[in-house]
$ cat target-v1.cif   # mmCIF, C-alpha atoms
data_model
#
loop_
_atom_site.label_atom_id
_atom_site.label_comp_id
_atom_site.auth_asym_id
_atom_site.auth_seq_id
_atom_site.Cartn_x
_atom_site.Cartn_y
_atom_site.Cartn_z
CA MET F 1 -15.69 27.42 -16.36
CA SER F 2 -15.95 23.74 -17.13
CA LEU F 3 -12.93 21.52 -16.65
CA HIS F 4 -12.26 18.81 -19.19
CA SER F 5 -10.33 16.66 -16.78
CA CYS F 6 -9.45 16.34 -13.15
CA THR F 7 -6.23 15.27 -11.51
CA VAL F 8 -6.60 12.14 -9.40
CA TYR F 9 -4.05 11.38 -6.70
CA PHE F 10 -3.77 8.00 -4.97
CA MET F 11 -1.35 7.44 -2.12
CA THR F 12 -0.54 4.63 0.26
CA GLY F 13 1.05 5.07 3.68
CA LEU F 14 0.56 7.45 6.59
CA CYS F 15 2.96 10.40 6.38
CA SER F 16 4.89 11.04 9.55
CA VAL F 17 5.79 14.49 8.24
CA THR F 18 2.61 16.37 7.36
CA CYS F 19 4.45 19.19 5.60
CA ILE F 20 5.97 16.75 3.08
CA PHE F 21 2.52 15.45 2.22
CA CYS F 22 1.13 18.99 1.90
CA SER F 23 4.01 20.16 -0.29
CA THR F 24 3.41 17.19 -2.59
CA VAL F 25 -0.29 18.08 -2.82
CA GLN F 26 0.58 21.68 -3.62
CA SER F 27 3.02 20.52 -6.28
CA HIS F 28 0.49 18.34 -8.13
CA ARG F 29 -2.67 20.30 -7.24
CA PRO F 30 -5.00 17.28 -7.54
CA HIS F 31 -8.79 17.54 -7.56
CA PHE F 32 -9.40 14.16 -5.91
CA ILE F 33 -7.04 12.74 -3.29
CA ALA F 34 -7.23 9.22 -1.88
CA VAL F 35 -4.88 8.35 0.99
CA HIS F 36 -4.76 4.77 2.21
CA CYS F 37 -3.06 4.17 5.55
CA GLN F 38 -2.10 0.94 7.26
CA GLU F 39 -1.18 0.32 10.91
CA VAL F 40 -3.24 3.31 12.04
CA GLY F 41 -1.95 4.15 15.51
CA GLY F 42 1.32 2.34 14.87
CA LYS F 43 2.50 -0.89 16.43
CA ASN F 44 1.71 0.47 19.91
CA TYR F 45 -1.79 1.47 18.87
CA GLU F 46 -3.29 1.34 22.36
CA ALA F 47 -1.01 4.17 23.49
CA SER F 48 -0.75 6.00 20.16
CA MET F 49 -4.25 5.94 18.64
CA SER F 50 -5.00 9.43 19.94
CA HIS F 51 -2.21 10.80 17.74
CA VAL F 52 -4.14 9.67 14.64
CA ASP F 53 -6.97 12.10 15.40
CA CYS F 54 -4.42 14.89 15.85
CA PHE F 55 -2.86 14.02 12.50
CA VAL F 56 -6.23 14.20 10.73
CA LYS F 57 -7.11 17.52 12.36
CA GLU F 58 -3.72 18.96 11.46
CA LEU F 59 -4.12 17.78 7.89
CA LEU F 60 -7.61 19.23 7.50
CA SER F 61 -6.56 22.60 8.92
CA SER F 62 -3.45 22.96 6.73
CA ASP F 63 -3.28 25.62 4.01
CA ALA F 64 -2.74 22.96 1.36
CA MET F 65 -6.11 21.35 2.12
CA LYS F 66 -8.30 24.46 2.47
CA GLU F 67 -9.74 24.13 -1.02
CA TYR F 68 -10.94 20.58 -0.35
CA ASN F 69 -14.46 21.26 0.91
CA ARG F 70 -15.66 17.65 0.95
CA VAL F 71 -13.87 15.02 2.98
CA ARG F 72 -14.49 11.43 3.95
CA VAL F 73 -12.20 9.83 6.55
CA TYR F 74 -12.63 6.23 7.69
CA LEU F 75 -10.38 5.14 10.55
CA ASP F 76 -10.55 1.64 11.99
CA GLU F 77 -9.50 2.52 15.54
CA ASN F 78 -11.50 0.01 17.59
CA TYR F 79 -8.58 -2.15 18.72
CA LYS F 80 -10.69 -3.69 21.48
CA SER F 81 -12.61 -5.64 18.85
CA GLN F 82 -9.99 -8.20 17.81
CA GLU F 83 -12.54 -9.91 15.59
CA HIS F 84 -12.87 -6.85 13.35
CA PHE F 85 -9.86 -4.56 13.96
CA THR F 86 -7.74 -3.93 10.84
CA ALA F 87 -5.97 -0.65 11.77
CA LEU F 88 -6.73 0.63 8.26
CA GLY F 89 -7.45 4.26 7.46
CA SER F 90 -8.93 5.54 4.21
CA CYS F 91 -9.06 9.31 3.62
CA TYR F 92 -10.60 11.08 0.63
CA PHE F 93 -10.40 14.79 -0.20
CA LEU F 94 -12.44 16.45 -2.95
CA HIS F 95 -11.56 19.83 -4.39
CA GLU F 96 -14.18 22.58 -4.39
CA SER F 97 -14.05 22.82 -8.20
CA LEU F 98 -15.52 19.32 -8.58
CA LYS F 99 -19.30 19.12 -8.70
CA ASN F 100 -21.77 16.30 -8.07
CA ILE F 101 -19.24 13.76 -6.86
CA GLN F 102 -20.95 10.60 -5.73
CA GLN F 103 -20.08 7.75 -3.38
CA PHE F 104 -21.66 4.33 -3.40
CA ASP F 105 -23.89 3.11 -0.57
CA PHE F 106 -23.27 -0.65 -0.41
CA LYS F 107 -26.40 -1.27 1.63
CA ALA F 108 -28.82 0.77 -0.49
CA LYS F 109 -26.90 -0.24 -3.66
CA LYS F 110 -26.93 3.25 -5.13
CA PHE F 111 -24.70 6.30 -5.43
CA LYS F 112 -25.20 9.29 -3.13
CA LYS F 113 -23.93 12.84 -3.57
CA VAL F 114 -20.95 13.72 -1.40
CA VAL F 115 -21.37 16.88 0.67
CA GLY F 116 -19.53 18.27 3.68
CA LYS F 117 -16.75 16.76 5.77
CA GLU F 118 -17.34 13.54 7.68
CA ILE F 119 -14.99 11.49 9.84
CA TYR F 120 -15.85 7.93 10.89
CA SER F 121 -13.83 6.00 13.43
CA ASP F 122 -14.11 3.31 16.06
CA THR F 123 -16.65 0.87 14.59
CA LEU F 124 -16.85 0.93 10.78
CA GLU F 125 -18.96 -2.21 10.40
CA SER F 126 -22.17 -0.16 10.52
CA THR F 127 -21.04 2.31 7.86
CA PRO F 128 -22.83 1.51 4.55
CA MET F 129 -20.44 3.64 2.48
CA LEU F 130 -17.68 1.05 2.64
CA GLU F 131 -16.95 -2.64 2.82
CA LYS F 132 -14.44 -3.84 5.39
CA GLU F 133 -13.18 -7.35 5.96
CA LYS F 134 -10.45 -8.90 8.03
CA PHE F 135 -8.68 -11.99 6.75
CA PRO F 136 -9.56 -15.28 8.46
CA GLN F 137 -7.16 -16.23 11.26
CA ASP F 138 -6.16 -19.46 9.54
CA TYR F 139 -4.61 -17.44 6.70
CA PHE F 140 -1.69 -16.59 8.98
CA PRO F 141 -1.62 -19.17 11.80
CA GLU F 142 1.81 -18.01 13.07
CA CYS F 143 0.15 -14.98 14.68
CA LYS F 144 -2.16 -15.21 17.67
CA TRP F 145 -4.26 -12.62 15.87
CA SER F 146 -3.70 -10.35 12.93
CA ARG F 147 -4.81 -6.87 11.89
CA LYS F 148 -4.58 -7.58 8.18
CA GLY F 149 -7.56 -7.00 5.89
CA PHE F 150 -9.06 -4.56 3.38
CA ILE F 151 -11.51 -1.65 3.02
CA ARG F 152 -13.35 -0.88 -0.22
CA THR F 153 -15.11 2.32 -1.26
CA ARG F 154 -16.74 3.10 -4.61
CA TRP F 155 -16.80 6.51 -6.28
CA ALA F 156 -18.25 8.19 -9.36
CA LEU F 157 -16.72 11.18 -11.09
CA ALA F 158 -15.92 12.24 -14.64
CA ASP F 159 -18.64 9.92 -16.00
CA CYS F 160 -16.84 6.96 -14.46
CA ALA F 161 -17.33 4.67 -11.48
CA PHE F 162 -14.41 2.92 -9.82
CA ASP F 163 -13.48 1.09 -6.63
CA LEU F 164 -10.65 2.13 -4.30
CA VAL F 165 -9.39 -0.72 -2.13
CA ASN F 166 -7.15 -0.19 0.89
CA ILE F 167 -5.19 -3.36 1.62
CA HIS F 168 -2.70 -4.72 4.13
CA LEU F 169 -1.28 -8.19 3.53
CA PHE F 170 0.84 -10.46 5.73
CA HIS F 171 4.52 -9.79 6.40
CA ASP F 172 7.56 -12.07 6.51
CA ALA F 173 7.84 -13.08 10.16
CA SER F 174 11.27 -14.71 9.74
CA ASN F 175 14.07 -14.04 7.26
CA ILE F 176 15.33 -17.57 7.85
CA LEU F 177 12.02 -19.14 6.89
CA ALA F 178 11.72 -16.81 3.89
CA TRP F 179 15.16 -17.98 2.72
CA GLU F 180 14.46 -21.71 3.02
CA LYS F 181 12.64 -22.09 -0.29
CA SER F 182 11.79 -20.17 -3.45
CA PRO F 183 9.12 -18.86 -3.59
CA SER F 184 8.76 -18.52 0.17
CA PHE F 185 6.03 -19.79 2.44
CA TYR F 186 5.00 -16.19 3.12
CA SER F 187 4.60 -15.47 -0.58
CA GLY F 188 1.97 -18.20 -0.77
CA THR F 189 0.11 -16.73 2.20
CA ARG F 190 -0.02 -13.29 0.57
CA GLN F 191 -1.12 -14.83 -2.71
CA LYS F 192 -4.05 -16.53 -0.96
CA ALA F 193 -5.11 -13.32 0.81
CA LEU F 194 -4.84 -11.14 -2.30
CA GLY F 195 -6.85 -13.67 -4.28
CA PHE F 196 -9.50 -13.51 -1.55
CA VAL F 197 -9.73 -9.71 -1.94
CA LEU F 198 -9.94 -9.79 -5.73
CA ASP F 199 -12.65 -12.45 -5.61
CA ARG F 200 -14.65 -10.37 -3.13
CA ILE F 201 -14.50 -7.10 -5.08
CA THR F 202 -15.43 -8.78 -8.37
CA ASP F 203 -18.18 -11.12 -7.16
CA GLN F 204 -21.83 -10.95 -8.23
CA ARG F 205 -23.17 -8.81 -5.37
CA PHE F 206 -22.46 -5.53 -7.16
CA GLU F 207 -21.85 -4.43 -10.71
CA LYS F 208 -18.22 -4.72 -11.75
CA VAL F 209 -16.31 -1.47 -12.20
CA PRO F 210 -12.62 -0.59 -12.67
CA TYR F 211 -10.69 -0.96 -9.43
CA PHE F 212 -7.52 0.41 -7.87
CA VAL F 213 -5.93 -1.59 -5.04
CA PHE F 214 -3.26 0.25 -3.07
CA GLY F 215 -1.68 -0.15 0.30
CA ASP F 216 0.95 -2.30 1.98
CA PHE F 217 1.01 -5.58 0.05
CA ASN F 218 4.13 -6.65 1.96
CA PHE F 219 5.46 -8.05 -1.32
CA ARG F 220 9.05 -9.16 -0.77
CA LEU F 221 11.90 -9.98 -3.07
CA ASP F 222 12.57 -13.68 -3.43
CA THR F 223 14.93 -13.95 -0.45
CA ARG F 224 16.62 -17.14 -1.61
CA GLN F 225 17.39 -15.71 -5.04
CA VAL F 226 18.56 -12.37 -3.64
CA VAL F 227 20.95 -14.08 -1.23
CA GLU F 228 22.32 -16.28 -4.02
CA SER F 229 22.90 -13.18 -6.14
CA LEU F 230 24.53 -11.11 -3.39
CA CYS F 231 26.63 -13.97 -2.01
CA SER F 232 27.45 -15.96 -5.15
CA THR F 233 31.13 -16.30 -4.24
CA ALA F 234 30.71 -16.49 -0.46
CA THR F 235 30.71 -19.52 1.80
CA MET F 236 27.84 -20.10 4.20
CA GLN F 237 28.07 -20.92 7.90
CA THR F 238 24.94 -22.23 9.62
CA VAL F 239 24.47 -21.56 13.34
CA ARG F 240 21.83 -23.67 15.10
CA LEU F 241 20.14 -23.43 18.47
CA GLY F 242 21.50 -26.02 20.89
CA ASP F 243 18.19 -27.12 22.37
CA THR F 244 16.06 -27.40 19.19
CA ASN F 245 18.67 -27.61 16.42
CA GLU F 246 16.71 -24.92 14.53
CA VAL F 247 18.68 -22.58 12.29
CA ASP F 248 19.39 -19.42 14.29
CA LYS F 249 21.57 -17.54 11.82
CA LEU F 250 23.26 -17.83 8.46
CA ILE F 251 26.64 -16.14 8.00
CA PHE F 252 28.04 -15.62 4.49
CA ARG F 253 31.78 -14.90 4.27
CA GLU F 254 34.07 -14.01 1.43
CA SER F 255 36.31 -16.89 0.41
CA GLU F 256 39.28 -14.54 0.53
CA ASN F 257 39.81 -11.02 1.91
CA ASP F 258 40.21 -12.32 5.48
CA ARG F 259 36.85 -14.11 5.18
CA LYS F 260 35.00 -10.88 5.74
CA VAL F 261 31.28 -11.25 6.52
CA VAL F 262 29.19 -10.26 3.49
CA LEU F 263 25.74 -11.01 4.88
CA GLN F 264 24.34 -12.14 8.21
CA LEU F 265 20.80 -13.48 8.19
CA GLU F 266 18.67 -14.03 11.30
CA LYS F 267 14.95 -14.10 12.02
CA LYS F 268 14.79 -10.30 12.15
CA LEU F 269 18.20 -9.39 10.74
CA PHE F 270 19.29 -8.86 7.14
CA ASN F 271 22.69 -7.24 7.55
CA TYR F 272 24.35 -6.86 4.14
CA ILE F 273 27.77 -5.28 3.84
CA ASN F 274 26.71 -2.64 1.28
CA GLN F 275 23.06 -1.63 1.31
CA ASP F 276 23.81 1.10 -1.27
CA VAL F 277 23.16 -1.53 -3.94
CA PHE F 278 19.44 -1.28 -3.13
CA ARG F 279 19.47 2.46 -3.85
CA GLU F 280 21.69 2.51 -6.93
CA ASN F 281 19.62 3.24 -10.04
CA ASN F 282 16.56 3.09 -7.76
CA GLY F 283 17.23 -0.57 -7.05
CA THR F 284 16.14 -1.66 -10.54
CA LEU F 285 18.73 -4.47 -10.48
CA PHE F 286 16.53 -6.21 -7.90
CA LEU F 287 13.23 -5.92 -9.76
CA GLN F 288 14.04 -9.28 -11.32
CA PHE F 289 13.45 -10.80 -7.86
CA ASP F 290 10.14 -8.97 -7.38
CA SER F 291 7.85 -11.70 -8.66
CA GLU F 292 4.90 -12.01 -6.27
CA LEU F 293 2.59 -10.11 -8.60
CA SER F 294 3.25 -12.42 -11.55
CA CYS F 295 0.49 -14.90 -10.67
CA PHE F 296 -2.05 -12.06 -10.86
CA LYS F 297 -0.87 -10.67 -14.22
CA GLU F 298 -4.34 -11.13 -15.76
CA ARG F 299 -6.10 -9.34 -12.89
CA LEU F 300 -3.70 -6.67 -11.64
CA HIS F 301 -1.52 -4.18 -13.49
CA GLU F 302 1.05 -1.61 -12.44
CA LEU F 303 2.94 1.26 -14.00
CA GLU F 304 6.70 0.97 -14.28
CA ILE F 305 8.49 1.22 -10.94
CA SER F 306 11.17 3.91 -10.95
CA PHE F 307 11.66 4.47 -7.22
CA PRO F 308 13.77 2.56 -4.66
CA PRO F 309 12.32 -0.20 -2.47
CA SER F 310 9.78 1.38 -0.11
CA TYR F 311 10.68 -0.65 3.00
CA PRO F 312 12.32 -0.94 5.60
CA TYR F 313 13.59 2.61 6.10
CA SER F 314 15.23 3.81 9.28
CA GLU F 315 12.93 5.58 11.73
CA ASP F 316 15.80 7.76 12.90
CA SER F 317 14.82 11.31 11.86
CA SER F 318 18.39 11.98 10.71
CA GLN F 319 18.56 8.90 8.45
CA GLY F 320 15.89 9.56 5.82
CA LYS F 321 17.59 7.56 3.05
CA GLN F 322 18.96 4.73 5.17
CA TYR F 323 17.45 1.25 5.30
CA MET F 324 17.22 -0.67 8.54
CA ASN F 325 19.08 -3.99 8.60
CA THR F 326 16.00 -5.92 9.74
CA ARG F 327 14.69 -7.08 6.34
CA CYS F 328 15.80 -7.22 2.75
CA PRO F 329 14.60 -3.97 1.10
CA ALA F 330 11.50 -4.52 -1.03
CA TRP F 331 8.69 -2.74 -2.85
CA CYS F 332 5.99 -3.45 -0.25
CA ASP F 333 3.88 -0.39 -1.00
CA ARG F 334 2.21 -0.32 -4.42
CA VAL F 335 -0.65 1.11 -6.47
CA LEU F 336 -2.17 -1.68 -8.56
CA MET F 337 -5.19 -1.64 -10.85
CA SER F 338 -7.49 -3.70 -13.01
CA ALA F 339 -7.10 -3.71 -16.80
CA THR F 340 -10.08 -1.36 -17.13
CA ALA F 341 -8.59 1.01 -14.55
CA LYS F 342 -5.27 0.98 -16.39
CA ASP F 343 -7.13 2.00 -19.55
CA LEU F 344 -8.42 5.07 -17.69
CA VAL F 345 -4.94 5.95 -16.45
CA LEU F 346 -3.23 5.47 -19.82
CA LYS F 347 -5.67 7.53 -21.91
CA PRO F 348 -3.90 9.39 -24.75
CA GLU F 349 -4.79 12.66 -23.02
CA ASN F 350 -2.64 11.67 -20.06
CA GLU F 351 0.62 13.29 -21.08
CA GLU F 352 3.75 11.96 -19.47
CA LYS F 353 4.05 15.03 -17.26
CA ASN F 354 0.58 14.34 -15.82
CA LEU F 355 1.30 10.70 -15.04
CA VAL F 356 3.52 10.12 -11.99
CA TYR F 357 4.18 6.93 -10.02
CA ASP F 358 6.71 7.66 -7.32
CA ASN F 359 7.41 7.82 -3.60
CA ILE F 360 7.14 10.76 -1.20
CA GLY F 361 9.94 12.20 0.90
CA PRO F 362 12.88 10.29 -0.61
CA ASN F 363 15.37 12.18 1.56
CA VAL F 364 13.22 12.62 4.66
CA CYS F 365 12.31 10.18 7.44
CA MET F 366 8.70 9.15 6.82
CA GLY F 367 8.68 6.08 9.06
CA ASP F 368 9.76 2.57 8.07
CA HIS F 369 7.70 2.78 4.84
CA LYS F 370 8.04 5.48 2.19
CA PRO F 371 4.55 6.48 1.03
CA VAL F 372 3.98 5.71 -2.66
CA TYR F 373 1.61 7.64 -4.91
CA LEU F 374 0.06 7.62 -8.37
CA SER F 375 -1.04 10.91 -9.94
CA PHE F 376 -2.95 11.05 -13.24
CA ARG F 377 -5.64 12.98 -15.08
CA LEU F 378 -9.08 11.46 -15.49
CA THR F 379 -10.72 12.88 -18.58
CA ALA F 380 -14.41 13.78 -18.41
CA GLY F 381 -16.32 11.19 -20.40
CA ALA F 382 -13.62 8.54 -19.90
CA GLY F 383 -16.27 6.10 -18.74
CA LYS F 384 -19.13 7.53 -20.74
CA ALA F 385 -20.21 4.16 -22.10
CA ASN F 386 -21.28 3.27 -18.56
CA ALA F 387 -22.49 6.72 -17.49
CA ASN F 388 -26.18 5.93 -17.47
CA LYS F 389 -25.58 2.56 -15.88
CA HIS F 390 -23.60 4.00 -12.98
CA LYS F 391 -25.36 7.38 -12.75
CA CYS F 392 -21.94 9.04 -12.74
CA CYS F 393 -21.22 12.72 -12.50
CA ASN F 394 -19.54 15.11 -14.86
CA VAL F 395 -16.42 16.96 -13.79
CA GLN F 396 -17.11 20.68 -13.82
#
$ encode --input "target-v1.cif" --output "structure tokens"
Amino acid sequence: MSLHSCTVYFMTGLCSVTCIFCSTVQSHRPHFIAVHCQEVGGKNYEASMSHVDCFVKELLSSDAMKEYNRVRVYLDENYKSQEHFTALGSCYFLHESLKNIQQFDFKAKKFKKVVGKEIYSDTLESTPMLEKEKFPQDYFPECKWSRKGFIRTRWALADCAFDLVNIHLFHDASNILAWEKSPSFYSGTRQKALGFVLDRITDQRFEKVPYFVFGDFNFRLDTRQVVESLCSTATMQTVRLGDTNEVDKLIFRESENDRKVVLQLEKKLFNYINQDVFRENNGTLFLQFDSELSCFKERLHELEISFPPSYPYSEDSSQGKQYMNTRCPAWCDRVLMSATAKDLVLKPENEEKNLVYDNIGPNVCMGDHKPVYLSFRLTAGAGKANANKHKCCNVQ
């Protein structure tokens, strides 16, 4: 029997609890799943990289994934190559009901039918089915070397071709430096890197198609504005290092109430007296300070955010809803898209119940990031105007 549409499921973040991922898949029953992971192997990747292979094997053997008979997994595990290592992982699962799904060969510049299950790791530079780039070192000179970069794949299904881009942008190394000016120095660094990615995936080397960019953007709330909002009636004490006179910590105290400390800010400390405010009403009060995407409003779009900030959650298995006091909570993990991709997602056929933008495991420890996902239905013929051009497949 022919299907008139397929459910597409995009997710960012590596689940630390496989069963939560599988239960989410079983709940939505998608036909095409794209999982983008960052920091493959974790921060101690040299000791932990072997666990990534175990995770993939466990995922592929789970009951929830048995009906996905075509798989492509790309894991950048070659940490010995500092010049190329990004620690990115891109995993794609295709349901057995989908026929003639194609993936783009960037070297041959043509689509190829996807068959079987294939896992690529170690060196991805020689794989023609993706594009991988690491950001130049001078983009983030504070680090001796960085793992940040992006991986792009291109797919064709339901008479439509589109790019899926896995991305990891630079973090805020110091809360103090992030507070010093608005917007922060780090915001400018991320803006430069994201612009680099968008320019690369829309240049003249290949035909332009709709694109989805999802991963850890490391977008942060405007720290200066957040602190001013949270501590509007507090007085600030500045503590400096004796040898360099650099600011070591900022302490904000209530003017009354025994001068109780409201917020203490250090390089890797954001200790606010009541972090519940970031969870109340899914943190929507703080969306006004989430402004890093604004300079890309003509090139990137996003559905309405209705979930709490995705970072930094406690890694204590008993504290699934608790934030760590290391950074100001922020929506680091996102699913963004081009205007043409948004048109595919917001087709009239996409009833509200079929369109979900949310996080996974809200009450369960999933690591310091909560995975974020977008689920929608892609109608057959949605990209029919370009079907001959892209040699796309029908969903059957």
$ atom_distance --input "target-v1.cif" --atom1 "atom CA of Thr244 of chain F" --atom2 "atom CA of Ser174 of chain F"
16.5 Å
$ atom_distance --input "target-v1.cif" --atom1 "atom CA of Val213 of chain F" --atom2 "atom CA of Lys268 of chain F"
28.3 Å
$ resolve_selection --input "target-v1.cif" --expression "the PyMOL selection byres ((chain F and resi 219-228) around 7)" --output "list in words"
Ala178, Trp179, Glu180, Lys181, Ser182, Pro183, Phe217, Asn218, Ser229, Leu230, Cys231, Ser232, Phe289, Asp290, Glu292, Ala330, Trp331 and Cys332 of chain F
$ resolve_selection --input "target-v1.cif" --expression "the PyMOL selection byres ((chain F and resi 60-62) around 10)" --output "list in words"
Thr18, Cys19, Cys22, Cys54, Phe55, Val56, Lys57, Glu58, Leu59, Asp63, Ala64, Met65, Lys66, Tyr68, Asn69, Val71, Phe93 and Lys117 of chain F
$ residues_around --input "target-v1.cif" --residues "Arg327 of chain F" --least-positions-apart "4" --cutoff "7 Å" --atoms "only C-alpha atoms" --output "list in words"
Lys268, Leu269, Phe270 and Pro312 of chain F
$ write_last_selection --input "target-v1.cif" --atoms "C-alpha atoms" --output "mmCIF file, in the coordinates of the input"
data_model
loop_
_atom_site.group_PDB
_atom_site.id
_atom_site.type_symbol
_atom_site.label_atom_id
_atom_site.label_comp_id
_atom_site.auth_asym_id
_atom_site.auth_seq_id
_atom_site.Cartn_x
_atom_site.Cartn_y
_atom_site.Cartn_z
ATOM 1 C CA LYS F 268 14.790 -10.300 12.150
ATOM 2 C CA LEU F 269 18.200 -9.390 10.740
ATOM 3 C CA PHE F 270 19.290 -8.860 7.140
ATOM 4 C CA PRO F 312 12.320 -0.940 5.600
#
$ residues_around --input "target-v1.cif" --residues "segment 341-344 of chain F" --least-positions-apart "6" --cutoff "9 Å" --atoms "only C-alpha atoms" --output "mmCIF file with C-alpha atoms, keeping the file's coordinate frame"
data_model
loop_
_atom_site.group_PDB
_atom_site.id
_atom_site.type_symbol
_atom_site.label_atom_id
_atom_site.label_comp_id
_atom_site.auth_asym_id
_atom_site.auth_seq_id
_atom_site.Cartn_x
_atom_site.Cartn_y
_atom_site.Cartn_z
ATOM 1 C CA PHE F 162 -14.410 2.920 -9.820
ATOM 2 C CA VAL F 209 -16.310 -1.470 -12.200
ATOM 3 C CA PRO F 210 -12.620 -0.590 -12.670
ATOM 4 C CA TYR F 211 -10.690 -0.960 -9.430
ATOM 5 C CA PHE F 212 -7.520 0.410 -7.870
ATOM 6 C CA HIS F 301 -1.520 -4.180 -13.490
ATOM 7 C CA GLU F 302 1.050 -1.610 -12.440
ATOM 8 C CA LEU F 303 2.940 1.260 -14.000
ATOM 9 C CA ARG F 377 -5.640 12.980 -15.080
ATOM 10 C CA LEU F 378 -9.080 11.460 -15.490
ATOM 11 C CA THR F 379 -10.720 12.880 -18.580
ATOM 12 C CA ALA F 382 -13.620 8.540 -19.900
ATOM 13 C CA GLY F 383 -16.270 6.100 -18.740
#
$ resolve_selection --input "target-v1.cif" --expression "the PyMOL selection byres ((chain F and resi 357) around 8)" --output "ChimeraX atom specification"
/F:303-306,355-356,358-359,372-375
$ atom_distance --input "target-v1.cif" --atom1 "atom CA of Cys295 of chain F" --atom2 "atom CA of Gly188 of chain F"
10.5 Å
$ closest_residue --input "target-v1.cif" --among "F:Phe10, F:Lys249, F:Arg279, F:Val73" --to "His28 of chain F" --atoms "all atoms listed in the file"
F:Phe10
$ closest_residue --input "target-v1.cif" --among "F:Thr202, F:Ser291, F:Ser97, F:Asn271" --to "Arg29 of chain F" --atoms "all atoms listed in the file"
F:Ser97
$ residues_around --input "target-v1.cif" --residues "Leu88 of chain F" --least-positions-apart "4" --cutoff "6 Å" --atoms "only C-alpha atoms" --output "VMD selection string"
chain F and resid 37 to 38 40 76
$ closest_residue --input "target-v1.cif" --among "F:Asn282, F:Asn78, F:Trp155, F:Arg72" --to "Gln102 of chain F" --atoms "only C-alpha atoms"
F:Trp155
$ residues_around --input "target-v1.cif" --residues "Pro362 of chain F" --least-positions-apart "2" --cutoff "9 Å" --atoms "all atoms listed in the file" --output "ChimeraX atom specification"
/F:307-308,320-321,359-360,364-366,370
$ residues_around --input "target-v1.cif" --residues "Ser255 of chain F" --least-positions-apart "2" --cutoff "12 Å" --atoms "only C-alpha atoms" --output "ChimeraX atom specification"
/F:231-237,252-253,257-262
$ decode --input "target-v1.cif" --residues "segment 25-29 of chain F" --atoms "all heavy atoms" --output "mmCIF file, in the first residue's frame"
data_model
loop_
_atom_site.group_PDB
_atom_site.id
_atom_site.type_symbol
_atom_site.label_atom_id
_atom_site.label_comp_id
_atom_site.auth_asym_id
_atom_site.auth_seq_id
_atom_site.Cartn_x
_atom_site.Cartn_y
_atom_site.Cartn_z
ATOM 1 N N VAL F 25 11.074 7.005 19.989
ATOM 2 C CA VAL F 25 10.911 6.509 18.617
ATOM 3 C C VAL F 25 9.615 5.708 18.501
ATOM 4 O O VAL F 25 8.838 5.876 17.551
ATOM 5 C CB VAL F 25 12.120 5.641 18.207
ATOM 6 C CG1 VAL F 25 11.852 4.905 16.894
ATOM 7 C CG2 VAL F 25 13.370 6.500 18.071
ATOM 8 N N GLN F 26 9.363 4.847 19.466
ATOM 9 C CA GLN F 26 8.146 4.037 19.430
ATOM 10 C C GLN F 26 6.896 4.886 19.564
ATOM 11 O O GLN F 26 5.844 4.560 19.005
ATOM 12 C CB GLN F 26 8.199 2.979 20.535
ATOM 13 C CG GLN F 26 9.239 1.898 20.266
ATOM 14 C CD GLN F 26 9.398 0.938 21.428
ATOM 15 O OE1 GLN F 26 9.370 1.337 22.598
ATOM 16 N NE2 GLN F 26 9.584 -0.341 21.119
ATOM 17 N N SER F 27 7.005 5.999 20.264
ATOM 18 C CA SER F 27 5.862 6.899 20.429
ATOM 19 C C SER F 27 5.511 7.613 19.132
ATOM 20 O O SER F 27 4.342 7.751 18.782
ATOM 21 C CB SER F 27 6.169 7.921 21.530
ATOM 22 O OG SER F 27 5.155 8.900 21.626
ATOM 23 N N HIS F 28 6.534 8.066 18.394
ATOM 24 C CA HIS F 28 6.290 8.833 17.166
ATOM 25 C C HIS F 28 6.286 7.965 15.910
ATOM 26 O O HIS F 28 5.748 8.380 14.882
ATOM 27 C CB HIS F 28 7.356 9.925 17.021
ATOM 28 C CG HIS F 28 7.229 11.022 18.023
ATOM 29 N ND1 HIS F 28 6.415 12.111 17.842
ATOM 30 C CD2 HIS F 28 7.814 11.195 19.236
ATOM 31 C CE1 HIS F 28 6.507 12.919 18.893
ATOM 32 N NE2 HIS F 28 7.342 12.378 19.754
ATOM 33 N N ARG F 29 6.896 6.804 15.978
ATOM 34 C CA ARG F 29 6.965 5.858 14.858
ATOM 35 C C ARG F 29 7.392 6.546 13.550
ATOM 36 O O ARG F 29 6.695 6.491 12.542
ATOM 37 C CB ARG F 29 5.616 5.149 14.677
ATOM 38 C CG ARG F 29 5.179 4.374 15.909
ATOM 39 C CD ARG F 29 3.890 3.618 15.674
ATOM 40 N NE ARG F 29 4.050 2.603 14.643
ATOM 41 C CZ ARG F 29 4.564 1.399 14.855
ATOM 42 N NH1 ARG F 29 4.982 1.075 16.067
ATOM 43 N NH2 ARG F 29 4.667 0.534 13.879
#
